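Shown next, in structure tokens, is the structure this report addresses.
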Amino acid sequence: MDWVIHDELGITVGTVVGWMAASAMVLGGVLPYVPQYRQIKQTQDADGFSLYVCLSLLMANTLRIFFWFSKRYELPLVVQSIVMNITMFLMIHLCVRVKRSNAILEAKERVFSGDERATLDSKENEVMGLPSQKLKKAHSRHHLSDFDASYFWAWTDFQSYLDFMLVVWAIGAAVTYLMLPFVWFMEIVGFMAVFIEAMLGAPQFLKNFRTKSTQGMSIQMVLMWLIGDMFKTVYFIVRDAPTQFWLCGSLQVSLDIAILCQVWMYRNNVPRQGHGD
């Protein structure tokens, strides 16, 4: 009788631990972006955060969802991908709004500043029907429909980012449906999903390297990246996830550590002007 009770207790504890681990996988990936979101909202400065981080995660999680139709791995990983995509759109929406507001504010400050030379230049250009170059740049808008490669993922409206991903989802779903019988192709999709996610920190690393500064980047976010990626990699190994998952998880941990090293290296630096994403 005792052994039956022990077995039932063991099953119950195992179930609870399993649900806790699954919940940590689903929500753990989102938590690192909470401090970054709050920092951008409080400071109204989004220049320290690379939007290419959002692009990397959107592409990685989209491919992971497509890969599920071939491999049928654990459902919590699919839910995590959906939740992460929603989170990335929230980050993009905030960054685009803040950058646009700042650009308009800077333009107004230049126009109404006490700088006599700037005022004269503005008046001269208005007479000629040509706004000053800086003012024109601040008020310019760039959309997906412009098909200007130089402004890819640097659009000034949120709708362009959403439209781009809708196109990616539509094409990806069609290709997945047609290629689903080909195991080799779906294995490549699975590898690309985890490899792109593993390179998640690369855009932020390169942005920090170009500006020689980590100002505006949430250190809490990177620390939570590191903790989450270590947990995730162990989870992949223990739960016998596809090999691509834990190999690329290890690469992700390495990039997190590299970014934390930048925090120490550039601790006394201020960001260089003129460096975008």
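Labels for the structure tokens follow display order: chains A, B, ..., residues from 1 in each chain, ligands from 1.
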
Under the rule of at most 10 Å, produce a per-residue listing of stretch 143-203 of chain A near stretch 68-87 of chain A: chain, number, name, the closest pair of atoms, and the distance in Å, as a Markdown table, using only C-alpha atoms.
```
| residue | atom | partner | partner_atom | distance |
| --- | --- | --- | --- | --- |
| A:Thr176 | CA | A:Phe69 | CA | 8.4 |
| A:Tyr177 | CA | A:Phe69 | CA | 9.1 |
| A:Met179 | CA | A:Ser70 | CA | 9.9 |
| A:Leu180 | CA | A:Ser70 | CA | 6.5 |
| A:Pro181 | CA | A:Ser70 | CA | 8.4 |
| A:Phe182 | CA | A:Ser70 | CA | 9.3 |
| A:Val183 | CA | A:Ser70 | CA | 7.7 |
| A:Phe185 | CA | A:Ser70 | CA | 9.9 |
| A:Met186 | CA | A:Ser70 | CA | 6.5 |
| A:Glu187 | CA | A:Ser70 | CA | 8.4 |
| A:Val189 | CA | A:Ser70 | CA | 9.7 |
| A:Gly190 | CA | A:Trp68 | CA | 8.4 |
```

Could you write those residues out with N, CA, C and O atoms, as a PDB file, in the first residue's frame?
```pdb
ATOM      1  N   THR A 176       6.149  25.487 -46.334  1.00  0.00           N
ATOM      2  CA  THR A 176       6.123  24.384 -45.367  1.00  0.00           C
ATOM      3  C   THR A 176       5.118  23.313 -45.788  1.00  0.00           C
ATOM      4  O   THR A 176       5.402  22.116 -45.713  1.00  0.00           O
ATOM      5  N   TYR A 177       3.953  23.755 -46.232  1.00  0.00           N
ATOM      6  CA  TYR A 177       2.915  22.810 -46.674  1.00  0.00           C
ATOM      7  C   TYR A 177       3.402  21.960 -47.854  1.00  0.00           C
ATOM      8  O   TYR A 177       3.184  20.745 -47.895  1.00  0.00           O
ATOM      9  N   MET A 179       6.635  21.415 -48.756  1.00  0.00           N
ATOM     10  CA  MET A 179       7.882  20.690 -48.500  1.00  0.00           C
ATOM     11  C   MET A 179       7.817  19.776 -47.287  1.00  0.00           C
ATOM     12  O   MET A 179       8.814  19.143 -46.941  1.00  0.00           O
ATOM     13  N   LEU A 180       6.670  19.708 -46.637  1.00  0.00           N
ATOM     14  CA  LEU A 180       6.543  18.902 -45.418  1.00  0.00           C
ATOM     15  C   LEU A 180       6.964  17.438 -45.600  1.00  0.00           C
ATOM     16  O   LEU A 180       7.581  16.860 -44.688  1.00  0.00           O
ATOM     17  N   PRO A 181       6.693  16.808 -46.736  1.00  0.00           N
ATOM     18  CA  PRO A 181       7.122  15.405 -46.909  1.00  0.00           C
ATOM     19  C   PRO A 181       8.638  15.216 -46.991  1.00  0.00           C
ATOM     20  O   PRO A 181       9.131  14.105 -46.799  1.00  0.00           O
ATOM     21  N   PHE A 182       9.375  16.278 -47.249  1.00  0.00           N
ATOM     22  CA  PHE A 182      10.830  16.179 -47.409  1.00  0.00           C
ATOM     23  C   PHE A 182      11.516  16.429 -46.065  1.00  0.00           C
ATOM     24  O   PHE A 182      11.651  17.581 -45.625  1.00  0.00           O
ATOM     25  N   VAL A 183      11.947  15.345 -45.439  1.00  0.00           N
ATOM     26  CA  VAL A 183      12.525  15.424 -44.096  1.00  0.00           C
ATOM     27  C   VAL A 183      13.766  16.312 -44.079  1.00  0.00           C
ATOM     28  O   VAL A 183      13.961  17.111 -43.154  1.00  0.00           O
ATOM     29  N   PHE A 185      14.519  18.874 -45.808  1.00  0.00           N
ATOM     30  CA  PHE A 185      14.193  20.298 -45.857  1.00  0.00           C
ATOM     31  C   PHE A 185      13.710  20.786 -44.493  1.00  0.00           C
ATOM     32  O   PHE A 185      14.117  21.862 -44.025  1.00  0.00           O
ATOM     33  N   MET A 186      12.857  20.012 -43.857  1.00  0.00           N
ATOM     34  CA  MET A 186      12.328  20.413 -42.554  1.00  0.00           C
ATOM     35  C   MET A 186      13.421  20.413 -41.484  1.00  0.00           C
ATOM     36  O   MET A 186      13.377  21.209 -40.540  1.00  0.00           O
ATOM     37  N   GLU A 187      14.414  19.531 -41.642  1.00  0.00           N
ATOM     38  CA  GLU A 187      15.541  19.544 -40.705  1.00  0.00           C
ATOM     39  C   GLU A 187      16.350  20.839 -40.854  1.00  0.00           C
ATOM     40  O   GLU A 187      16.829  21.394 -39.859  1.00  0.00           O
ATOM     41  N   VAL A 189      15.032  23.670 -41.798  1.00  0.00           N
ATOM     42  CA  VAL A 189      14.173  24.685 -41.178  1.00  0.00           C
ATOM     43  C   VAL A 189      14.390  24.705 -39.669  1.00  0.00           C
ATOM     44  O   VAL A 189      14.523  25.763 -39.044  1.00  0.00           O
ATOM     45  N   GLY A 190      14.441  23.501 -39.070  1.00  0.00           N
ATOM     46  CA  GLY A 190      14.664  23.401 -37.627  1.00  0.00           C
ATOM     47  C   GLY A 190      16.014  23.955 -37.220  1.00  0.00           C
ATOM     48  O   GLY A 190      16.129  24.667 -36.208  1.00  0.00           O
TER      49      GLY A 190
END
```

Write out as an NGL selection string each polymer residue whose atoms come within 8 Å of A:Ile196, counting only C-alpha atoms; drop sequence neighbours fewer than 3 positions from it. :A and (56-57 or 59-60 or 192-193 or 199-200)

Just want the 7 Å neighbourhood of stretch 31-39 of chain A, counted on only C-alpha atoms, with same-chain residues fewer than 3 positions away dropped. Output as a PyMOL selection string. chain A and resi 27-28+42-43+91+218+220-221+224-225

How about saving the chosen residues, all heavy atoms kept, as a tab-separated table (two decimals), in the first residue's frame?
```
chain	number	residue	atom	x	y	z
A	27	LEU	N	7.29	31.64	-20.27
A	27	LEU	CA	7.38	33.02	-19.77
A	27	LEU	C	8.81	33.51	-19.60
A	27	LEU	O	9.06	34.72	-19.63
A	27	LEU	CB	6.63	33.13	-18.44
A	27	LEU	CG	5.13	32.79	-18.49
A	27	LEU	CD1	4.54	32.85	-17.09
A	27	LEU	CD2	4.39	33.72	-19.44
A	28	GLY	N	9.73	32.57	-19.39
A	28	GLY	CA	11.12	32.96	-19.14
A	28	GLY	C	11.75	33.72	-20.28
A	28	GLY	O	12.56	34.63	-20.07
A	42	GLN	N	10.54	54.80	-19.86
A	42	GLN	CA	10.85	55.82	-18.86
A	42	GLN	C	11.78	56.90	-19.40
A	42	GLN	O	11.59	58.08	-19.15
A	42	GLN	CB	11.45	55.17	-17.61
A	42	GLN	CG	10.47	54.35	-16.80
A	42	GLN	CD	11.13	53.54	-15.70
A	42	GLN	OE1	12.35	53.58	-15.54
A	42	GLN	NE2	10.34	52.81	-14.93
A	43	THR	N	12.79	56.48	-20.16
A	43	THR	CA	13.78	57.44	-20.66
A	43	THR	C	13.39	58.05	-22.00
A	43	THR	O	13.98	59.04	-22.42
A	43	THR	CB	15.15	56.76	-20.83
A	43	THR	OG1	15.05	55.71	-21.81
A	43	THR	CG2	15.63	56.17	-19.50
A	91	MET	N	7.64	45.38	-28.41
A	91	MET	CA	8.91	46.11	-28.36
A	91	MET	C	9.06	47.02	-29.58
A	91	MET	O	9.48	48.18	-29.46
A	91	MET	CB	10.07	45.13	-28.29
A	91	MET	CG	10.22	44.38	-26.97
A	91	MET	SD	10.65	45.44	-25.58
A	91	MET	CE	12.23	46.11	-26.09
A	218	SER	N	19.71	47.64	-21.63
A	218	SER	CA	19.43	47.18	-20.27
A	218	SER	C	20.36	46.02	-19.92
A	218	SER	O	20.32	44.96	-20.55
A	218	SER	CB	17.97	46.73	-20.15
A	218	SER	OG	17.75	46.12	-18.90
A	220	GLN	N	20.18	44.42	-17.19
A	220	GLN	CA	19.29	43.40	-16.61
A	220	GLN	C	18.78	42.46	-17.70
A	220	GLN	O	18.66	41.26	-17.48
A	220	GLN	CB	18.11	44.08	-15.93
A	220	GLN	CG	18.44	44.73	-14.60
A	220	GLN	CD	17.20	45.39	-14.00
A	220	GLN	OE1	16.65	46.35	-14.56
A	220	GLN	NE2	16.75	44.88	-12.89
A	221	MET	N	18.49	43.03	-18.87
A	221	MET	CA	17.99	42.21	-19.97
A	221	MET	C	19.02	41.16	-20.36
A	221	MET	O	18.69	39.98	-20.53
A	221	MET	CB	17.68	43.10	-21.19
A	221	MET	CG	17.23	42.32	-22.42
A	221	MET	SD	17.04	43.35	-23.90
A	221	MET	CE	18.77	43.71	-24.30
A	224	MET	N	19.39	38.46	-17.74
A	224	MET	CA	18.25	37.54	-17.81
A	224	MET	C	18.32	36.68	-19.06
A	224	MET	O	17.88	35.53	-19.06
A	224	MET	CB	16.95	38.33	-17.74
A	224	MET	CG	16.73	39.01	-16.40
A	224	MET	SD	15.28	40.08	-16.33
A	224	MET	CE	13.96	38.88	-16.22
A	225	TRP	N	18.90	37.23	-20.15
A	225	TRP	CA	19.17	36.41	-21.33
A	225	TRP	C	20.06	35.22	-20.93
A	225	TRP	O	19.77	34.08	-21.27
A	225	TRP	CB	19.92	37.22	-22.38
A	225	TRP	CG	19.08	37.99	-23.33
A	225	TRP	CD1	17.72	38.00	-23.42
A	225	TRP	CD2	19.57	38.88	-24.36
A	225	TRP	NE1	17.32	38.84	-24.42
A	225	TRP	CE2	18.42	39.40	-25.02
A	225	TRP	CE3	20.82	39.30	-24.76
A	225	TRP	CZ2	18.53	40.32	-26.08
A	225	TRP	CZ3	20.93	40.20	-25.81
A	225	TRP	CH2	19.80	40.70	-26.46
```

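Near A:Thr214, within a cut-off of 10 Å and counting only C-alpha atoms, sit the residues Gly48, Phe49, Gln204, Phe205, Lys207, Asn208, Phe209, Thr211, Met217, Ser218, Ile219, Ile259, Leu260, Gln262, Val263, Trp264, Met265, Tyr266, Arg267, Asn268, Asn269, Val270 and Pro271 of chain A, with same-chain residues fewer than 3 positions away left out.
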
Write the residues of the preceding selection, restricted to C-alpha atoms, as a PDB file, in the first residue's frame.
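Generated file (again_29.pdb):
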```pdb
ATOM      1  CA  GLY A  48      20.517  51.755 -27.218  1.00  0.00           C
ATOM      2  CA  PHE A  49      18.341  48.798 -28.229  1.00  0.00           C
ATOM      3  CA  GLN A 204      23.194  43.991 -30.008  1.00  0.00           C
ATOM      4  CA  PHE A 205      26.862  42.944 -29.808  1.00  0.00           C
ATOM      5  CA  LYS A 207      25.674  47.774 -32.202  1.00  0.00           C
ATOM      6  CA  ASN A 208      27.662  48.042 -28.958  1.00  0.00           C
ATOM      7  CA  PHE A 209      30.902  47.439 -30.883  1.00  0.00           C
ATOM      8  CA  THR A 211      29.190  52.779 -30.828  1.00  0.00           C
ATOM      9  CA  MET A 217      20.958  48.837 -23.324  1.00  0.00           C
ATOM     10  CA  SER A 218      19.434  47.180 -20.273  1.00  0.00           C
ATOM     11  CA  ILE A 219      22.108  45.165 -18.462  1.00  0.00           C
ATOM     12  CA  ILE A 259      27.896  41.192 -24.429  1.00  0.00           C
ATOM     13  CA  LEU A 260      28.432  41.265 -20.662  1.00  0.00           C
ATOM     14  CA  GLN A 262      31.348  44.643 -23.507  1.00  0.00           C
ATOM     15  CA  VAL A 263      29.515  46.177 -20.547  1.00  0.00           C
ATOM     16  CA  TRP A 264      32.769  46.032 -18.581  1.00  0.00           C
ATOM     17  CA  MET A 265      34.973  47.142 -21.501  1.00  0.00           C
ATOM     18  CA  TYR A 266      32.829  50.171 -22.431  1.00  0.00           C
ATOM     19  CA  ARG A 267      31.780  51.084 -18.887  1.00  0.00           C
ATOM     20  CA  ASN A 268      33.339  54.576 -19.103  1.00  0.00           C
ATOM     21  CA  ASN A 269      32.362  55.324 -22.709  1.00  0.00           C
ATOM     22  CA  VAL A 270      29.518  57.426 -24.072  1.00  0.00           C
ATOM     23  CA  PRO A 271      27.798  56.425 -27.322  1.00  0.00           C
TER      24      PRO A 271
END
```

All residues 7 Å or closer to stretch 142-159 of chain A, only C-alpha atoms, same chain fewer than 5 positions away omitted, as a list in words: His93, Val96 and Arg100 of chain A

Enumerate, as a PyMOL selection string, the complete set of residues in stretch 123-276 of chain A that a backbone-based DSSP assignment places in helix (DSSP H, G or I). chain A and resi 123-128+133-139+144-146+149-151+158-179+183-198+201-211+219-238+243-265

Go through A:Ile40, A:Asp45, A:Leu58, A:Trp246 one by one, measure the shortest atom-to-atom distance of each to A:Phe164 using only C-alpha atoms, and give the residue with the smallest value. A:Leu58

At a cut-off of 12 Å, using only C-alpha atoms, what residues contact A:Cys248? Leave out same-chain residues fewer than 2 positions from it and give the result as a ChimeraX atom specification. /A:60,190-200,229-230,232-234,236-237,241-246,250-255

Write the selection just made, keeping N, CA and C atoms, as a PDB file, in the first residue's frame?
```pdb
ATOM      1  N   ALA A  60      13.239  33.523 -36.005  1.00  0.00           N
ATOM      2  CA  ALA A  60      13.570  32.263 -35.350  1.00  0.00           C
ATOM      3  C   ALA A  60      12.319  31.548 -34.842  1.00  0.00           C
ATOM      4  N   GLY A 190      14.441  23.501 -39.070  1.00  0.00           N
ATOM      5  CA  GLY A 190      14.664  23.401 -37.627  1.00  0.00           C
ATOM      6  C   GLY A 190      16.014  23.955 -37.220  1.00  0.00           C
ATOM      7  N   PHE A 191      17.031  23.660 -38.022  1.00  0.00           N
ATOM      8  CA  PHE A 191      18.367  24.171 -37.709  1.00  0.00           C
ATOM      9  C   PHE A 191      18.406  25.691 -37.830  1.00  0.00           C
ATOM     10  N   MET A 192      17.799  26.230 -38.894  1.00  0.00           N
ATOM     11  CA  MET A 192      17.798  27.675 -39.099  1.00  0.00           C
ATOM     12  C   MET A 192      17.060  28.386 -37.963  1.00  0.00           C
ATOM     13  N   ALA A 193      15.998  27.757 -37.469  1.00  0.00           N
ATOM     14  CA  ALA A 193      15.220  28.354 -36.369  1.00  0.00           C
ATOM     15  C   ALA A 193      16.087  28.567 -35.136  1.00  0.00           C
ATOM     16  N   VAL A 194      16.775  27.513 -34.735  1.00  0.00           N
ATOM     17  CA  VAL A 194      17.573  27.615 -33.509  1.00  0.00           C
ATOM     18  C   VAL A 194      18.880  28.371 -33.742  1.00  0.00           C
ATOM     19  N   PHE A 195      19.410  28.319 -34.977  1.00  0.00           N
ATOM     20  CA  PHE A 195      20.652  29.047 -35.257  1.00  0.00           C
ATOM     21  C   PHE A 195      20.407  30.557 -35.240  1.00  0.00           C
ATOM     22  N   ILE A 196      19.305  30.996 -35.853  1.00  0.00           N
ATOM     23  CA  ILE A 196      18.979  32.431 -35.845  1.00  0.00           C
ATOM     24  C   ILE A 196      18.749  32.898 -34.422  1.00  0.00           C
ATOM     25  N   GLU A 197      18.049  32.077 -33.627  1.00  0.00           N
ATOM     26  CA  GLU A 197      17.826  32.451 -32.225  1.00  0.00           C
ATOM     27  C   GLU A 197      19.139  32.468 -31.455  1.00  0.00           C
ATOM     28  N   ALA A 198      20.030  31.545 -31.803  1.00  0.00           N
ATOM     29  CA  ALA A 198      21.333  31.508 -31.136  1.00  0.00           C
ATOM     30  C   ALA A 198      22.135  32.764 -31.423  1.00  0.00           C
ATOM     31  N   MET A 199      21.922  33.357 -32.584  1.00  0.00           N
ATOM     32  CA  MET A 199      22.626  34.579 -32.976  1.00  0.00           C
ATOM     33  C   MET A 199      21.874  35.828 -32.540  1.00  0.00           C
ATOM     34  N   LEU A 200      20.882  35.639 -31.675  1.00  0.00           N
ATOM     35  CA  LEU A 200      20.049  36.742 -31.202  1.00  0.00           C
ATOM     36  C   LEU A 200      20.864  37.917 -30.672  1.00  0.00           C
ATOM     37  N   ASP A 229      18.949  31.479 -21.098  1.00  0.00           N
ATOM     38  CA  ASP A 229      19.570  30.621 -22.110  1.00  0.00           C
ATOM     39  C   ASP A 229      20.255  29.414 -21.478  1.00  0.00           C
ATOM     40  N   MET A 230      20.842  29.607 -20.288  1.00  0.00           N
ATOM     41  CA  MET A 230      21.449  28.475 -19.585  1.00  0.00           C
ATOM     42  C   MET A 230      20.369  27.468 -19.172  1.00  0.00           C
ATOM     43  N   LYS A 232      17.420  27.149 -20.558  1.00  0.00           N
ATOM     44  CA  LYS A 232      16.846  26.589 -21.782  1.00  0.00           C
ATOM     45  C   LYS A 232      17.721  25.489 -22.365  1.00  0.00           C
ATOM     46  N   THR A 233      19.035  25.712 -22.366  1.00  0.00           N
ATOM     47  CA  THR A 233      19.956  24.710 -22.915  1.00  0.00           C
ATOM     48  C   THR A 233      19.911  23.418 -22.104  1.00  0.00           C
ATOM     49  N   VAL A 234      19.899  23.561 -20.783  1.00  0.00           N
ATOM     50  CA  VAL A 234      19.789  22.382 -19.916  1.00  0.00           C
ATOM     51  C   VAL A 234      18.451  21.682 -20.147  1.00  0.00           C
ATOM     52  N   PHE A 236      16.665  21.635 -22.875  1.00  0.00           N
ATOM     53  CA  PHE A 236      16.721  20.923 -24.151  1.00  0.00           C
ATOM     54  C   PHE A 236      17.418  19.578 -23.992  1.00  0.00           C
ATOM     55  N   ILE A 237      18.528  19.565 -23.241  1.00  0.00           N
ATOM     56  CA  ILE A 237      19.301  18.338 -23.064  1.00  0.00           C
ATOM     57  C   ILE A 237      18.509  17.316 -22.255  1.00  0.00           C
ATOM     58  N   ALA A 241      15.381  17.200 -26.519  1.00  0.00           N
ATOM     59  CA  ALA A 241      14.935  17.986 -27.670  1.00  0.00           C
ATOM     60  C   ALA A 241      15.876  17.712 -28.841  1.00  0.00           C
ATOM     61  N   PRO A 242      15.454  18.039 -30.077  1.00  0.00           N
ATOM     62  CA  PRO A 242      16.346  17.839 -31.232  1.00  0.00           C
ATOM     63  C   PRO A 242      17.734  18.440 -30.993  1.00  0.00           C
ATOM     64  N   THR A 243      18.754  17.796 -31.522  1.00  0.00           N
ATOM     65  CA  THR A 243      20.144  18.188 -31.285  1.00  0.00           C
ATOM     66  C   THR A 243      20.418  19.650 -31.620  1.00  0.00           C
ATOM     67  N   GLN A 244      19.751  20.141 -32.699  1.00  0.00           N
ATOM     68  CA  GLN A 244      19.976  21.533 -33.106  1.00  0.00           C
ATOM     69  C   GLN A 244      19.675  22.497 -31.963  1.00  0.00           C
ATOM     70  N   PHE A 245      18.675  22.146 -31.134  1.00  0.00           N
ATOM     71  CA  PHE A 245      18.220  23.052 -30.092  1.00  0.00           C
ATOM     72  C   PHE A 245      19.320  23.316 -29.061  1.00  0.00           C
ATOM     73  N   TRP A 246      19.915  22.232 -28.508  1.00  0.00           N
ATOM     74  CA  TRP A 246      20.870  22.454 -27.421  1.00  0.00           C
ATOM     75  C   TRP A 246      22.238  22.913 -27.926  1.00  0.00           C
ATOM     76  N   SER A 250      23.862  26.565 -26.625  1.00  0.00           N
ATOM     77  CA  SER A 250      25.205  26.788 -26.096  1.00  0.00           C
ATOM     78  C   SER A 250      25.869  28.004 -26.750  1.00  0.00           C
ATOM     79  N   LEU A 251      25.648  28.166 -28.060  1.00  0.00           N
ATOM     80  CA  LEU A 251      26.182  29.326 -28.776  1.00  0.00           C
ATOM     81  C   LEU A 251      25.555  30.612 -28.243  1.00  0.00           C
ATOM     82  N   GLN A 252      24.265  30.537 -27.921  1.00  0.00           N
ATOM     83  CA  GLN A 252      23.556  31.701 -27.405  1.00  0.00           C
ATOM     84  C   GLN A 252      24.122  32.148 -26.062  1.00  0.00           C
ATOM     85  N   VAL A 253      24.442  31.185 -25.212  1.00  0.00           N
ATOM     86  CA  VAL A 253      25.046  31.495 -23.907  1.00  0.00           C
ATOM     87  C   VAL A 253      26.381  32.208 -24.103  1.00  0.00           C
ATOM     88  N   SER A 254      27.161  31.764 -25.085  1.00  0.00           N
ATOM     89  CA  SER A 254      28.469  32.371 -25.357  1.00  0.00           C
ATOM     90  C   SER A 254      28.326  33.828 -25.779  1.00  0.00           C
ATOM     91  N   LEU A 255      27.321  34.129 -26.604  1.00  0.00           N
ATOM     92  CA  LEU A 255      27.095  35.507 -27.042  1.00  0.00           C
ATOM     93  C   LEU A 255      26.653  36.395 -25.872  1.00  0.00           C
TER      94      LEU A 255
END
```
